[in-house]
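Taking it in order: structure first as C-alpha cells, then the write-up.
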Amino acid sequence: MAPAPEPAERLNLLVLGVDQAESFVGNTDVIMIVSIDQASGTIFVLSLPRDLCLGACDGHASRINEVYKRQGIEALKQTLRYVTGLRIDHWMLVNFHGVEAIINQLGGVRVWSNREFDERFIYLETDEEIRLILDEGWNTLNGREAVAYGRSRKYDSGGDFARICRQQQVVRGLREQSLSPALIVNAPSLLASLSGAFKTDFPIASVPALGNLLLAIPQERINSWAVHARGQELMVWEQGLDGANLLRPDLHAIRDFVQDSLIESTRAHLDDQGNPTFVRDNCEDYFP
C-alpha cells in the first residue's frame, strides 16, 4: 500500500536518540516523528518502539532501531515512510551527552513523574554511573537526570511504552523551556555552540523561523501518540532466534492508526470540563 500524499504545509521532523554517550554510531532507541501542521496550528508527535521488527523478524538485527546503524539515515527515513506512511522532511540525531548538553544549556527540563524513582544507569561506552532519585509529581531535571529518566523502563508494567512516554514528556518540557522570543533570536549561535552535541540536516539559519512557528502553537494543540502493543492490535510480541524480544507489526493497522491519529490531532473536541482542546494521546498515565 503506497503512503497517502501529505499536504505541503505539514512539516515532519525525525528526532533520533542513539544509545551512545559520545558516539553517533549506535542503535536509535529513541525514534520520534514531530509533525507540524501549519494549516491547523497543531503538532502531532509519534513515537515508535525500538523493538519493532521488519522482514523475517528473526533477531536483534531485524529491529527498527538497528536500521540507522547498519544502513544509514536515508534507509531509516525510507523505512519509517514504509511503516507509518509519513514522509520525513528533516532529521536530528543526538547522543546521551548531547541531550545532557542541550538540557543543561537551557537550564534543565520540568517533567511530571507518575512514581518515585531510585534507579541506577550505566553508560556502557564510558562506564559512567547515574543514580536517579525523584519524587512523584513535578521535578526539574538536569541533563544527566533527564537522560536517565528517558531510559527508565524496568520497574514499570508498561515497559518500553513507559519509556517512550517519558521521552515524549522530556520533549514537551524542552519545548516549553526553550521557546522564548529572546532564545529563538539567538538560536543559531546557541546551536553553533552545541554543534558537537547533535547532527541534523535542518538548515541552522531556518531555526528562528521554526522556533516562531512552534511558539505560535499552544501546548493544548500538541498531541503525543505512541505505537505500542497495549490496547491496539498493531503488533504482537515474538522471540527471535537469538532470544531477542521483538514486536512483529501489522503494517496496515499501524498506517491506519497513524493516519487516524493524525487527522484527529487537527480536530478540536471538548475536555472533561467542556472546554475545546486538541489534546489526544495514549500516554495518559504518564502525563498530568
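Note on naming: chains are A, B, ... as they come in the C-alpha cells, residues start from 1 per chain, ligands start from 1 in the order shown.
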Subject >> Nearby residues (only C-alpha atoms) at most 8 Å from region 16-20 of chain A, same-chain spacing under 2 positions excluded, as an MDAnalysis selection string >> reply: chainID A and resid 14 22:32 91:96 123:125
Can you list, as a VMD selection string, all residues belonging to region 115-288 of chain A that DSSP tags as strand (DSSP E)? chain A and resid 117 to 123 128 to 134 137 to 141 198 to 200 222 to 226 235 to 239 245 to 249 269 to 270 276 to 277
- request: Enumerate the residues of region 8-128 of chain A with a DSSP assignment of helix (DSSP H, G or I), computed from the backbone, and present them as a ChimeraX atom specification.
  value: /A:60-62,64-71,73-84,96-105
Save out the residues we just selected, N, CA and C atoms, as an mmCIF file, in the first residue's frame.
```cif
data_model
loop_
_atom_site.group_PDB
_atom_site.id
_atom_site.type_symbol
_atom_site.label_atom_id
_atom_site.label_comp_id
_atom_site.auth_asym_id
_atom_site.auth_seq_id
_atom_site.Cartn_x
_atom_site.Cartn_y
_atom_site.Cartn_z
ATOM 1 N N HIS A 60 17.869 -9.605 16.758
ATOM 2 C CA HIS A 60 18.191 -8.204 17.015
ATOM 3 C C HIS A 60 18.369 -7.399 15.726
ATOM 4 N N ALA A 61 18.995 -8.007 14.729
ATOM 5 C CA ALA A 61 19.318 -7.279 13.504
ATOM 6 C C ALA A 61 18.082 -6.842 12.729
ATOM 7 N N SER A 62 16.929 -7.425 13.035
ATOM 8 C CA SER A 62 15.708 -7.059 12.314
ATOM 9 C C SER A 62 14.929 -5.946 13.007
ATOM 10 N N ILE A 64 13.892 -2.223 14.262
ATOM 11 C CA ILE A 64 13.927 -0.935 13.575
ATOM 12 C C ILE A 64 15.027 -0.035 14.130
ATOM 13 N N ASN A 65 15.411 -0.229 15.389
ATOM 14 C CA ASN A 65 16.453 0.626 15.954
ATOM 15 C C ASN A 65 17.850 0.267 15.453
ATOM 16 N N GLU A 66 17.957 -0.788 14.654
ATOM 17 C CA GLU A 66 19.244 -1.181 14.079
ATOM 18 C C GLU A 66 19.439 -0.629 12.664
ATOM 19 N N VAL A 67 18.377 -0.101 12.059
ATOM 20 C CA VAL A 67 18.444 0.299 10.648
ATOM 21 C C VAL A 67 19.472 1.395 10.424
ATOM 22 N N TYR A 68 19.447 2.426 11.261
ATOM 23 C CA TYR A 68 20.380 3.547 11.083
ATOM 24 C C TYR A 68 21.825 3.070 11.192
ATOM 25 N N LYS A 69 22.121 2.269 12.211
ATOM 26 C CA LYS A 69 23.493 1.810 12.437
ATOM 27 C C LYS A 69 23.997 0.960 11.275
ATOM 28 N N ARG A 70 23.126 0.150 10.708
ATOM 29 C CA ARG A 70 23.539 -0.788 9.667
ATOM 30 C C ARG A 70 23.442 -0.211 8.256
ATOM 31 N N GLN A 71 22.458 0.688 8.030
ATOM 32 C CA GLN A 71 22.198 1.122 6.659
ATOM 33 C C GLN A 71 22.220 2.633 6.458
ATOM 34 N N ILE A 73 21.036 6.880 7.536
ATOM 35 C CA ILE A 73 19.864 7.706 7.802
ATOM 36 C C ILE A 73 18.833 7.632 6.679
ATOM 37 N N GLU A 74 19.271 7.576 5.433
ATOM 38 C CA GLU A 74 18.307 7.540 4.331
ATOM 39 C C GLU A 74 17.488 6.255 4.367
ATOM 40 N N ALA A 75 18.141 5.149 4.706
ATOM 41 C CA ALA A 75 17.412 3.879 4.809
ATOM 42 C C ALA A 75 16.385 3.940 5.931
ATOM 43 N N LEU A 76 16.745 4.580 7.041
ATOM 44 C CA LEU A 76 15.789 4.695 8.145
ATOM 45 C C LEU A 76 14.615 5.583 7.755
ATOM 46 N N LYS A 77 14.876 6.670 7.052
ATOM 47 C CA LYS A 77 13.788 7.535 6.587
ATOM 48 C C LYS A 77 12.823 6.757 5.690
ATOM 49 N N GLN A 78 13.373 5.976 4.781
ATOM 50 C CA GLN A 78 12.527 5.181 3.891
ATOM 51 C C GLN A 78 11.748 4.127 4.670
ATOM 52 N N THR A 79 12.397 3.530 5.664
ATOM 53 C CA THR A 79 11.731 2.519 6.487
ATOM 54 C C THR A 79 10.559 3.129 7.249
ATOM 55 N N LEU A 80 10.765 4.299 7.820
ATOM 56 C CA LEU A 80 9.699 4.955 8.572
ATOM 57 C C LEU A 80 8.558 5.387 7.659
ATOM 58 N N ARG A 81 8.882 5.788 6.461
ATOM 59 C CA ARG A 81 7.843 6.106 5.476
ATOM 60 C C ARG A 81 7.010 4.862 5.181
ATOM 61 N N TYR A 82 7.696 3.731 5.058
ATOM 62 C CA TYR A 82 7.025 2.462 4.773
ATOM 63 C C TYR A 82 6.148 2.024 5.947
ATOM 64 N N VAL A 83 6.650 2.181 7.162
ATOM 65 C CA VAL A 83 5.924 1.707 8.341
ATOM 66 C C VAL A 83 4.755 2.626 8.698
ATOM 67 N N THR A 84 4.987 3.940 8.676
ATOM 68 C CA THR A 84 3.981 4.886 9.174
ATOM 69 C C THR A 84 3.175 5.573 8.082
ATOM 70 N N PHE A 96 23.681 10.587 24.195
ATOM 71 C CA PHE A 96 23.411 10.882 25.601
ATOM 72 C C PHE A 96 24.033 12.206 26.041
ATOM 73 N N HIS A 97 25.315 12.387 25.740
ATOM 74 C CA HIS A 97 25.979 13.614 26.167
ATOM 75 C C HIS A 97 25.402 14.831 25.448
ATOM 76 N N GLY A 98 24.930 14.633 24.228
ATOM 77 C CA GLY A 98 24.286 15.727 23.514
ATOM 78 C C GLY A 98 23.003 16.170 24.192
ATOM 79 N N VAL A 99 22.195 15.202 24.620
ATOM 80 C CA VAL A 99 20.969 15.535 25.351
ATOM 81 C C VAL A 99 21.316 16.292 26.629
ATOM 82 N N GLU A 100 22.325 15.796 27.338
ATOM 83 C CA GLU A 100 22.756 16.473 28.567
ATOM 84 C C GLU A 100 23.135 17.925 28.286
ATOM 85 N N ALA A 101 23.943 18.130 27.255
ATOM 86 C CA ALA A 101 24.435 19.472 26.953
ATOM 87 C C ALA A 101 23.297 20.418 26.589
ATOM 88 N N ILE A 102 22.369 19.952 25.775
ATOM 89 C CA ILE A 102 21.254 20.798 25.339
ATOM 90 C C ILE A 102 20.381 21.179 26.531
ATOM 91 N N ILE A 103 20.046 20.198 27.366
ATOM 92 C CA ILE A 103 19.166 20.468 28.507
ATOM 93 C C ILE A 103 19.862 21.368 29.529
ATOM 94 N N ASN A 104 21.129 21.115 29.785
ATOM 95 C CA ASN A 104 21.853 21.969 30.733
ATOM 96 C C ASN A 104 21.965 23.401 30.219
ATOM 97 N N GLN A 105 22.150 23.550 28.913
ATOM 98 C CA GLN A 105 22.242 24.887 28.328
ATOM 99 C C GLN A 105 20.933 25.652 28.504
#
```
The residue from A:Leu13, A:Leu52, A:Val147, A:Ile36 with the smallest atom-to-atom distance to Gln239 (chain A), counting only C-alpha atoms, is A:Leu52
Expressed in Å, the length from CA of Phe44 (chain A) to CA of Glu176 (chain A) is 15.8 Å
Across A:Arg50, A:Tyr149, A:Glu264, A:Asn114, the smallest distance to Arg131 (chain A), with only C-alpha atoms counted, is shown by A:Tyr149
The distance between CA of Thr266 (chain A) and CA of Arg10 (chain A) is 11.4 Å
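For the choices A:Asp51, A:Asp201, A:Asp256, A:Glu116, the atom-to-atom distance to Glu238 (chain A) is smallest for A:Asp51 when using only C-alpha atoms.
What separates CA of Ile204 (chain A) from CA of Pro188 (chain A) is a distance of 5.9 Å.
Each of A:Ala226, A:Ile122, A:Ala205, A:Ser113 was compared to Trp138 (chain A) using only C-alpha atoms, and A:Ser113 turns out to be the nearest.
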